[in-house]
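Quick look at final-v4.csv (CSV, C-alpha atoms):
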```
chain,number,residue,atom,x,y,z
A,1,MET,CA,0.0,0.0,0.0
A,2,GLY,CA,1.3,3.4,-0.9
A,3,ALA,CA,0.6,7.0,-0.2
A,4,GLU,CA,-2.9,6.8,-1.7
A,5,ALA,CA,-4.0,4.2,0.9
A,6,VAL,CA,-3.0,6.3,3.9
A,7,LYS,CA,-4.4,9.5,2.5
A,8,GLY,CA,-6.5,11.1,5.2
A,9,HIS,CA,-4.8,9.0,7.9
A,10,LEU,CA,-1.2,10.2,7.5
A,11,ASP,CA,-1.3,12.7,10.3
A,12,SER,CA,-2.6,10.1,12.8
A,13,ILE,CA,0.0,7.6,11.6
A,14,LEU,CA,2.8,10.1,12.1
A,15,LEU,CA,1.5,11.1,15.5
A,16,ALA,CA,1.3,7.4,16.5
A,17,SER,CA,4.9,6.7,15.3
A,18,LEU,CA,6.1,9.5,17.6
A,19,GLU,CA,4.2,8.3,20.7
A,20,ALA,CA,7.0,6.2,22.1
A,21,GLN,CA,10.0,8.4,21.5
A,22,PRO,CA,11.3,11.4,19.5
A,23,LEU,CA,12.4,10.4,15.9
A,24,HIS,CA,13.8,12.0,12.8
A,25,GLY,CA,12.2,11.8,9.4
A,26,TYR,CA,13.7,8.6,8.1
A,27,ALA,CA,13.3,6.8,11.5
A,28,ILE,CA,9.6,7.8,11.4
A,29,MET,CA,9.3,6.2,8.0
A,30,GLU,CA,11.0,3.0,9.3
A,31,ALA,CA,8.7,3.0,12.3
A,32,VAL,CA,5.6,3.3,10.0
A,33,ARG,CA,7.0,0.5,7.7
A,34,ASP,CA,7.8,-1.8,10.7
A,35,GLY,CA,4.6,-0.9,12.5
A,36,SER,CA,2.4,-1.7,9.5
A,37,ARG,CA,4.4,-4.9,8.8
A,38,ALA,CA,5.6,-3.3,5.6
A,39,SER,CA,2.1,-2.6,4.4
A,40,PHE,CA,2.7,1.1,4.3
A,41,ASP,CA,5.8,2.1,2.3
A,42,LEU,CA,5.4,5.9,2.0
A,43,PRO,CA,7.2,7.9,-0.6
A,44,THR,CA,10.0,9.5,1.5
A,45,GLY,CA,9.2,13.0,0.3
A,46,THR,CA,5.6,13.0,1.5
A,47,VAL,CA,6.5,12.6,5.2
A,48,TYR,CA,8.6,15.8,5.7
A,49,PRO,CA,5.9,18.3,4.6
A,50,ALA,CA,3.4,16.5,6.7
A,51,LEU,CA,5.7,16.7,9.8
A,52,HIS,CA,6.1,20.4,9.1
A,53,ARG,CA,2.3,20.8,8.9
A,54,LEU,CA,1.9,19.0,12.3
A,55,GLU,CA,4.5,21.3,13.8
A,56,ARG,CA,2.7,24.4,12.5
A,57,ALA,CA,-0.4,23.0,14.1
A,58,GLY,CA,1.4,22.7,17.4
A,59,LEU,CA,1.0,18.9,17.5
A,60,VAL,CA,4.8,18.1,17.3
A,61,ARG,CA,7.9,20.1,18.1
A,62,SER,CA,11.3,19.7,16.5
A,63,LYS,CA,14.9,20.3,17.4
A,64,TRP,CA,18.1,20.3,15.4
A,65,SER,CA,21.2,18.2,16.2
A,66,THR,CA,24.3,17.2,14.3
A,67,VAL,CA,24.9,13.5,13.7
A,68,SER,CA,28.0,12.3,11.8
A,69,GLY,CA,28.5,15.8,10.5
A,70,ARG,CA,24.9,16.0,9.1
A,71,ARG,CA,22.2,18.3,10.4
A,72,ARG,CA,19.3,16.3,11.7
A,73,ARG,CA,15.8,17.4,12.7
A,74,THR,CA,14.1,15.3,15.4
A,75,TYR,CA,10.4,15.5,16.2
A,76,GLU,CA,8.5,14.8,19.4
A,77,LEU,CA,4.9,14.9,20.3
A,78,THR,CA,3.6,18.0,22.2
A,79,GLU,CA,0.9,17.6,24.9
A,80,ARG,CA,-1.6,18.8,22.3
A,81,GLY,CA,-0.3,16.2,19.9
A,82,ARG,CA,-0.8,13.4,22.5
A,83,ARG,CA,-4.4,14.6,23.1
A,84,ARG,CA,-5.1,14.6,19.4
A,85,LEU,CA,-3.7,11.1,19.1
A,86,ARG,CA,-6.0,9.9,21.8
A,87,GLU,CA,-9.0,11.5,20.0
A,88,GLU,CA,-7.9,10.0,16.6
A,89,ARG,CA,-7.5,6.6,18.2
A,90,GLN,CA,-11.0,6.7,19.7
A,91,ALA,CA,-12.5,7.9,16.4
A,92,TRP,CA,-10.7,5.2,14.5
A,93,LYS,CA,-12.0,2.5,16.8
A,94,LEU,CA,-15.6,3.6,16.2
A,95,PHE,CA,-15.1,4.0,12.4
A,96,SER,CA,-13.3,0.6,12.0
A,97,ARG,CA,-15.9,-1.2,14.1
A,98,ALA,CA,-18.7,0.2,11.9
A,99,VAL,CA,-17.0,-0.6,8.7
A,100,SER,CA,-16.1,-4.1,9.9
A,101,ASN,CA,-19.8,-4.7,10.8
A,102,LEU,CA,-20.9,-3.5,7.3
A,103,LEU,CA,-18.2,-5.4,5.4
A,104,SER,CA,-18.8,-8.6,7.4
A,105,GLY,CA,-22.4,-8.7,6.3
A,106,ALA,CA,-23.8,-8.2,9.7
A,107,ALA,CA,-25.9,-5.3,8.5
A,108,ALA,CA,-27.3,-7.3,5.6
A,109,GLY,CA,-28.1,-10.2,7.9
A,110,ALA,CA,-30.0,-8.0,10.3
A,111,ALA,CA,-32.2,-6.6,7.5
A,112,PRO,CA,-35.8,-7.9,7.2
B,113,MET,CA,22.5,23.5,-12.2
B,114,THR,CA,25.8,23.5,-10.3
B,115,ALA,CA,28.6,21.0,-11.0
B,116,ALA,CA,27.8,19.3,-7.6
B,117,ALA,CA,24.1,18.9,-8.6
B,118,ARG,CA,25.1,17.5,-12.1
B,119,SER,CA,27.3,14.8,-10.6
B,120,ASP,CA,25.2,14.0,-7.5
B,121,PRO,CA,21.6,13.1,-8.0
B,122,ILE,CA,20.7,14.0,-4.4
B,123,GLU,CA,22.1,17.5,-4.8
B,124,GLY,CA,20.3,17.7,-8.2
B,125,LEU,CA,17.0,16.9,-6.6
B,126,LEU,CA,17.6,19.3,-3.7
B,127,GLN,CA,18.5,22.1,-6.1
B,128,ALA,CA,15.3,21.4,-8.1
B,129,ILE,CA,13.2,21.6,-4.9
B,130,GLY,CA,15.1,24.7,-3.6
B,131,SER,CA,14.5,26.5,-6.9
B,132,ARG,CA,10.8,26.0,-6.4
B,133,LEU,CA,10.7,27.3,-2.8
B,134,PRO,CA,10.2,31.1,-2.9
B,135,GLY,CA,10.6,33.0,0.3
B,136,PRO,CA,13.2,33.7,3.0
B,137,ALA,CA,16.5,31.8,2.8
B,138,LYS,CA,16.6,30.4,6.4
B,139,PRO,CA,13.5,28.2,6.2
B,140,ARG,CA,14.4,27.1,2.7
B,141,GLU,CA,17.9,26.1,3.9
B,142,GLU,CA,16.4,24.2,6.9
B,143,ILE,CA,14.0,22.3,4.7
B,144,LEU,CA,16.8,21.4,2.3
B,145,ALA,CA,19.1,20.3,5.1
B,146,GLU,CA,16.4,18.1,6.5
B,147,LEU,CA,15.6,16.6,3.1
B,148,ARG,CA,19.4,16.0,2.5
B,149,ASP,CA,19.7,14.1,5.7
B,150,GLY,CA,16.6,12.0,4.8
B,151,LEU,CA,17.9,11.3,1.3
B,152,LEU,CA,21.3,10.2,2.6
B,153,GLU,CA,19.6,8.0,5.2
B,154,VAL,CA,17.6,6.3,2.5
B,155,ALA,CA,20.7,5.9,0.2
B,156,GLU,CA,22.6,4.4,3.1
B,157,ALA,CA,19.8,2.0,3.9
B,158,ASN,CA,19.7,0.9,0.2
B,159,GLN,CA,23.5,0.3,0.4
B,160,ARG,CA,23.0,-1.8,3.5
B,161,ARG,CA,20.6,-3.9,1.5
B,162,GLY,CA,23.4,-4.7,-0.9
B,163,LEU,CA,23.2,-2.0,-3.6
B,164,GLY,CA,26.2,-0.2,-5.0
B,165,HIS,CA,26.6,3.4,-4.1
B,166,GLY,CA,25.4,4.9,-7.4
B,167,GLU,CA,22.4,2.6,-7.6
B,168,ALA,CA,21.6,3.2,-3.9
B,169,VAL,CA,21.6,7.0,-4.5
B,170,GLN,CA,19.5,6.8,-7.7
B,171,LEU,CA,16.9,4.6,-5.9
B,172,ALA,CA,16.8,7.0,-2.9
B,173,VAL,CA,16.0,9.9,-5.3
B,174,HIS,CA,13.4,7.8,-7.1
B,175,GLN,CA,11.8,6.8,-3.7
B,176,PHE,CA,11.7,10.4,-2.6
B,177,GLY,CA,9.2,11.7,-5.1
B,178,ASP,CA,9.3,14.4,-7.7
B,179,ALA,CA,10.6,17.9,-7.0
B,180,PRO,CA,7.5,19.9,-8.0
B,181,THR,CA,5.2,17.8,-5.7
B,182,ILE,CA,7.5,18.0,-2.7
B,183,ALA,CA,8.1,21.8,-3.2
B,184,ALA,CA,4.4,22.4,-3.5
B,185,ALA,CA,3.8,20.6,-0.2
B,186,PHE,CA,6.1,23.1,1.5
B,187,TRP,CA,4.4,26.1,0.0
B,188,PRO,CA,2.2,26.9,3.1
B,189,GLU,CA,5.3,27.0,5.3
B,190,MET,CA,7.2,29.2,2.9
B,191,ALA,CA,4.2,31.5,2.5
B,192,ALA,CA,3.9,32.0,6.2
B,193,ALA,CA,7.6,32.7,6.5
B,194,ARG,CA,7.5,35.3,3.7
B,195,ALA,CA,4.4,37.0,5.3
B,196,ARG,CA,6.1,37.1,8.7
B,197,ARG,CA,9.3,38.6,7.2
B,198,VAL,CA,7.4,41.3,5.3
B,199,VAL,CA,5.3,42.2,8.4
B,200,PHE,CA,8.4,42.2,10.7
B,201,GLY,CA,10.2,44.5,8.2
B,202,LEU,CA,7.4,47.0,8.1
B,203,PHE,CA,6.8,47.0,11.8
B,204,VAL,CA,10.5,47.8,12.3
B,205,THR,CA,10.9,50.4,9.6
B,206,GLY,CA,7.6,52.1,10.1
B,207,PRO,CA,8.5,53.8,13.4
B,208,ILE,CA,11.9,54.7,12.1
B,209,VAL,CA,10.5,56.5,9.0
B,210,VAL,CA,7.8,58.3,11.1
B,211,ALA,CA,10.5,59.4,13.7
B,212,LEU,CA,12.6,60.8,10.9
B,213,TRP,CA,9.7,62.8,9.5
B,214,ILE,CA,8.9,64.1,13.0
B,215,TRP,CA,12.6,65.0,13.5
B,216,ALA,CA,12.5,66.9,10.1
B,217,ALA,CA,9.3,68.8,11.1
B,218,ARG,CA,10.6,69.6,14.6
B,219,SER,CA,14.0,70.7,13.4
B,220,ARG,CA,12.6,73.6,11.4
B,221,SER,CA,12.9,77.1,12.8
B,222,LEU,CA,11.0,77.7,16.0
B,223,GLY,CA,7.7,79.5,15.5
B,224,SER,CA,7.4,78.6,11.8
B,225,GLU,CA,4.4,76.7,10.5
B,226,SER,CA,4.1,73.9,8.0
B,227,GLY,CA,0.5,73.6,7.0
B,228,ALA,CA,0.7,70.1,5.8
B,229,PHE,CA,2.3,68.8,8.9
B,230,ASP,CA,0.3,70.8,11.5
B,231,SER,CA,-3.2,70.4,10.1
B,232,SER,CA,-5.5,68.2,12.1
B,233,LEU,CA,-6.7,66.6,8.9
B,234,SER,CA,-3.2,65.3,8.2
B,235,HIS,CA,-3.0,64.0,11.8
B,236,VAL,CA,-6.3,62.1,11.4
B,237,ALA,CA,-5.1,60.7,8.0
B,238,ALA,CA,-1.8,59.6,9.6
B,239,LEU,CA,-3.5,57.9,12.5
B,240,LEU,CA,-5.9,56.1,10.1
B,241,LEU,CA,-3.0,54.9,8.0
B,242,ILE,CA,-1.1,53.7,11.1
B,243,ALA,CA,-4.1,51.9,12.5
B,244,ALA,CA,-4.8,50.2,9.1
B,245,THR,CA,-1.1,49.2,8.8
B,246,ILE,CA,-1.1,47.7,12.3
B,247,GLY,CA,-4.4,46.0,11.7
B,248,CYS,CA,-3.2,44.3,8.5
B,249,GLY,CA,0.1,43.3,10.2
B,250,ILE,CA,-1.7,41.7,13.1
B,251,TRP,CA,-4.0,39.9,10.7
B,252,ALA,CA,-1.0,38.6,8.8
B,253,ILE,CA,0.8,37.5,11.9
B,254,ILE,CA,-2.2,35.6,13.3
B,255,ALA,CA,-2.7,33.9,9.9
B,256,ALA,CA,1.0,33.0,9.6
B,257,GLY,CA,1.2,31.9,13.2
B,258,ARG,CA,1.2,28.4,14.7
B,259,ALA,CA,-2.2,26.6,15.0
B,260,PRO,CA,-4.1,29.1,12.8
B,261,LEU,CA,-7.9,29.0,13.0
B,262,TRP,CA,-8.3,28.1,9.3
B,263,PRO,CA,-5.2,26.1,8.4
B,264,HIS,CA,-6.2,25.6,4.8
B,265,ILE,CA,-6.5,29.2,3.9
B,266,ALA,CA,-4.2,30.7,6.5
B,267,PRO,CA,-1.1,31.0,4.3
B,268,GLN,CA,-3.0,32.8,1.6
B,269,MET,CA,-4.6,35.1,4.2
B,270,ALA,CA,-1.2,35.8,5.7
B,271,LEU,CA,0.2,36.8,2.3
B,272,LEU,CA,-2.8,38.9,1.6
B,273,GLY,CA,-2.5,40.7,5.0
B,274,ALA,CA,1.3,41.3,4.4
B,275,ALA,CA,0.6,42.6,0.9
B,276,ALA,CA,-2.2,44.9,2.2
B,277,MET,CA,0.1,46.2,5.0
B,278,GLY,CA,2.8,46.9,2.4
B,279,GLY,CA,0.3,48.6,0.2
B,280,ILE,CA,-0.8,50.9,3.0
B,281,ALA,CA,2.8,51.6,3.9
B,282,VAL,CA,3.4,52.6,0.3
B,283,VAL,CA,0.5,55.0,0.4
B,284,ALA,CA,1.8,56.4,3.7
B,285,ASP,CA,5.3,56.9,2.3
B,286,LEU,CA,3.9,58.5,-0.9
B,287,ALA,CA,1.7,60.8,1.2
B,288,MET,CA,4.6,61.9,3.4
B,289,LEU,CA,6.9,62.5,0.4
B,290,SER,CA,4.3,64.4,-1.6
B,291,THR,CA,2.7,66.5,1.2
B,292,LEU,CA,5.6,67.2,3.5
B,293,SER,CA,8.8,67.4,1.4
B,294,ALA,CA,8.0,70.7,-0.4
B,295,PRO,CA,6.7,72.6,2.6
B,296,LEU,CA,9.5,71.4,4.9
B,297,ALA,CA,12.2,72.1,2.2
B,298,SER,CA,11.4,75.8,2.4
B,299,PHE,CA,12.9,76.1,5.9
B,300,PRO,CA,16.6,76.9,6.3
B,301,GLY,CA,19.2,75.3,8.6
B,302,PRO,CA,21.7,72.6,8.1
B,303,VAL,CA,20.3,70.3,10.8
B,304,HIS,CA,16.8,70.6,9.3
B,305,GLN,CA,18.0,69.9,5.8
B,306,VAL,CA,19.9,66.8,7.0
B,307,ALA,CA,16.8,65.6,8.9
B,308,LEU,CA,14.6,66.2,5.9
B,309,ALA,CA,17.0,64.5,3.5
B,310,SER,CA,17.1,61.5,5.9
B,311,ALA,CA,13.4,61.3,6.1
B,312,MET,CA,12.9,61.5,2.3
B,313,LEU,CA,15.6,58.9,1.7
B,314,ALA,CA,14.1,56.6,4.3
B,315,SER,CA,10.6,57.0,2.8
B,316,ALA,CA,11.8,56.5,-0.7
B,317,THR,CA,13.9,53.4,0.1
B,318,ARG,CA,11.0,51.9,2.1
B,319,LEU,CA,8.6,52.7,-0.7
B,320,ILE,CA,10.6,50.8,-3.2
B,321,LEU,CA,11.4,47.8,-1.0
B,322,THR,CA,7.8,47.6,0.3
B,323,SER,CA,6.4,47.7,-3.3
B,324,LEU,CA,8.7,44.8,-4.2
B,325,ALA,CA,7.8,42.9,-1.1
B,326,SER,CA,4.0,43.4,-1.6
B,327,ARG,CA,4.2,42.3,-5.2
B,328,SER,CA,6.2,39.2,-4.2
B,329,CYS,CA,3.5,38.3,-1.6
B,330,LEU,CA,0.8,38.7,-4.2
B,331,ALA,CA,2.8,36.7,-6.7
B,332,MET,CA,3.4,33.9,-4.2
B,333,ARG,CA,-0.3,33.9,-3.3
B,334,THR,CA,-1.2,33.2,-6.9
B,335,MET,CA,1.1,30.2,-6.9
B,336,ALA,CA,-1.2,28.4,-4.5
B,337,THR,CA,-4.3,28.7,-6.8
```

Can you turn what I pasted into structure tokens?
Amino acid sequence: MGAEAVKGHLDSILLASLEAQPLHGYAIMEAVRDGSRASFDLPTGTVYPALHRLERAGLVRSKWSTVSGRRRRTYELTERGRRRLREERQAWKLFSRAVSNLLSGAAAGAAP
Amino acid sequence: MTAAARSDPIEGLLQAIGSRLPGPAKPREEILAELRDGLLEVAEANQRRGLGHGEAVQLAVHQFGDAPTIAAAFWPEMAAARARRVVFGLFVTGPIVVALWIWAARSRSLGSESGAFDSSLSHVAALLLIAATIGCGIWAIIAAGRAPLWPHIAPQMALLGAAAMGGIAVVADLAMLSTLSAPLASFPGPVHQVALASAMLASATRLILTSLASRSCLAMRTMAT
């Protein structure tokens, strides 16, 4: 699955990948790939603008460091980001349960 | 394209992205530094999977995405940065220019009158212009700030606010130059003449720079549509 499949969920996925610890861009992509068991392999370039958007929204904050002579930007969740993640998680549970019910045929079975 | 960009696909992609990121240099450099680190990380990961250096770099560039798409995704950030820069510049230079004009008016011979400067109508007009300038500036800063109320249109609003602020500043500078220069020039005295020349130079310089900045804000705004 590529970028199209996660469209609309990218922000939540990025917030979830940062829940455990601060990460830089590439490490976030690795976390997404590993966490989705390689189902989500995002085009690298799509992740950075999304992270910047989350930072502008106050959901993550970043800091610069130098690693092996290279400048690196690391992101971490803000308190607001953690709150948003909890809300997104709750909304996703309701949504996925509803879709699962529909796709499993439960709704059709219940109809007269 | 530079020699480094021609020989190195990563630098070539970064240069292609950078050329599509209008706005202040610092945020652009930070974006490119971050993307460079990401590209090198991907290339190194490809090498760890057994690819040769050249192949690993080519694949990293391919996996990254195309320059126009990536640059377009950074547009809101660059737009906000440009709006903030223009507003900051106007907020800093505005009081300086006004102070120079006040100095020019005050340094004329005691007891003399300059109708344009002393009329209550000009005071009201000046206050209205200052209020409108500050209002547009605050609007632009709110729209360009973190967590804006309407994130999807905020960068456009920020650029519009900055351009409007610049437009009003141009009107203010034109008004000061056209209504104050001639009356104040008639008063003698070296200090007064220096003060007046400084005020005129400051207004004229700001007028030119502000016109360019406002136009660039409007031009950048059209890039989003």

With a distance threshold of 10 Å and counting all atoms listed in the file, extract the residues of chain A near chain B and express them as number ranges by chain. A: 24-27, 29, 41-50, 52-59, 64, 67, 70-74

So that I can see what lies close to B:Leu296, please list as a compact mmCIF listing (two decimals) with C-alpha atoms, keeping the file's coordinate frame the residues with an atom at most 8 Å from it, counting all atoms listed in the file and leaving out residues fewer than 4 positions away in the same chain.
```txt
# COMPACT_ATOMS: atom_id res chain seq x y z
CA ALA B 216 12.50 66.90 10.10
CA ALA B 217 9.30 68.80 11.10
CA ARG B 220 12.60 73.60 11.40
CA SER B 226 4.10 73.90 8.00
CA LEU B 292 5.60 67.20 3.50
CA LEU B 308 14.60 66.20 5.90
```

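For the pair atom CA of B:Ser326 and atom CA of B:Arg132, the separation is 19.3 Å.
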
Which of these, A:Ser17, A:Gln90, A:Ser96, A:Asn101, has the shortest distance to A:Glu76 once you count all atoms listed in the file? A:Ser17

All residues 7 Å or closer to A:Thr78, all atoms listed in the file, same chain fewer than 4 positions away omitted, as an NGL selection string: :A and (59-61 or 82)

Ranking B:Cys248, B:Leu163, B:Leu241, B:Leu126 by minimum distance to B:Leu286 and counting all atoms listed in the file, which one comes first?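 Closest candidate: B:Leu241.
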
Rounded to one decimal in Å, what is the spacing between atom CA of A:His9 and atom CA of A:Ser100?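 These two atoms are separated by 17.4 Å.
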
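Note that atom CA of B:Thr334 and atom CA of B:Pro139 are 20.3 Å apart.
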
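The nearest approach to A:Arg83 among the residues A:Val6, A:Leu103, A:Leu51, A:Ala16, with all atoms listed in the file taken into account, belongs to A:Ala16.
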
B:Leu289: which residues within 9 Å, counting all atoms listed in the file, same-chain residues fewer than 3 positions away excluded, as an mmCIF file with C-alpha atoms, keeping the file's coordinate frame?
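So around.cif came out as:
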```cif
data_model
loop_
_atom_site.group_PDB
_atom_site.id
_atom_site.type_symbol
_atom_site.label_atom_id
_atom_site.label_comp_id
_atom_site.auth_asym_id
_atom_site.auth_seq_id
_atom_site.Cartn_x
_atom_site.Cartn_y
_atom_site.Cartn_z
ATOM 1 C CA ALA B 284 1.800 56.400 3.700
ATOM 2 C CA ASP B 285 5.300 56.900 2.300
ATOM 3 C CA LEU B 286 3.900 58.500 -0.900
ATOM 4 C CA LEU B 292 5.600 67.200 3.500
ATOM 5 C CA SER B 293 8.800 67.400 1.400
ATOM 6 C CA ALA B 294 8.000 70.700 -0.400
ATOM 7 C CA ALA B 311 13.400 61.300 6.100
ATOM 8 C CA MET B 312 12.900 61.500 2.300
ATOM 9 C CA SER B 315 10.600 57.000 2.800
ATOM 10 C CA ALA B 316 11.800 56.500 -0.700
#
```

If we count all atoms listed in the file, what is near A:Val32 at a cut-off of 8 Å, once residues fewer than 4 positions away on the same chain are taken out, given as a list in words? Ile13, Leu14, Ser17, Ile28, Ser36, Ala38, Phe40 and Asp41 of chain A

Neighbour list for B:Leu313 as a compact mmCIF listing (two decimals) with C-alpha atoms, in the coordinates of the input, cut-off 10 Å, only C-alpha atoms, skip fewer than 6 positions in-chain:
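Written file, around.txt:
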```txt
# COMPACT_ATOMS: atom_id res chain seq x y z
CA VAL B 209 10.50 56.50 9.00
CA LEU B 212 12.60 60.80 10.90
CA LEU B 289 6.90 62.50 0.40
CA ALA B 307 16.80 65.60 8.90
CA LEU B 319 8.60 52.70 -0.70
```
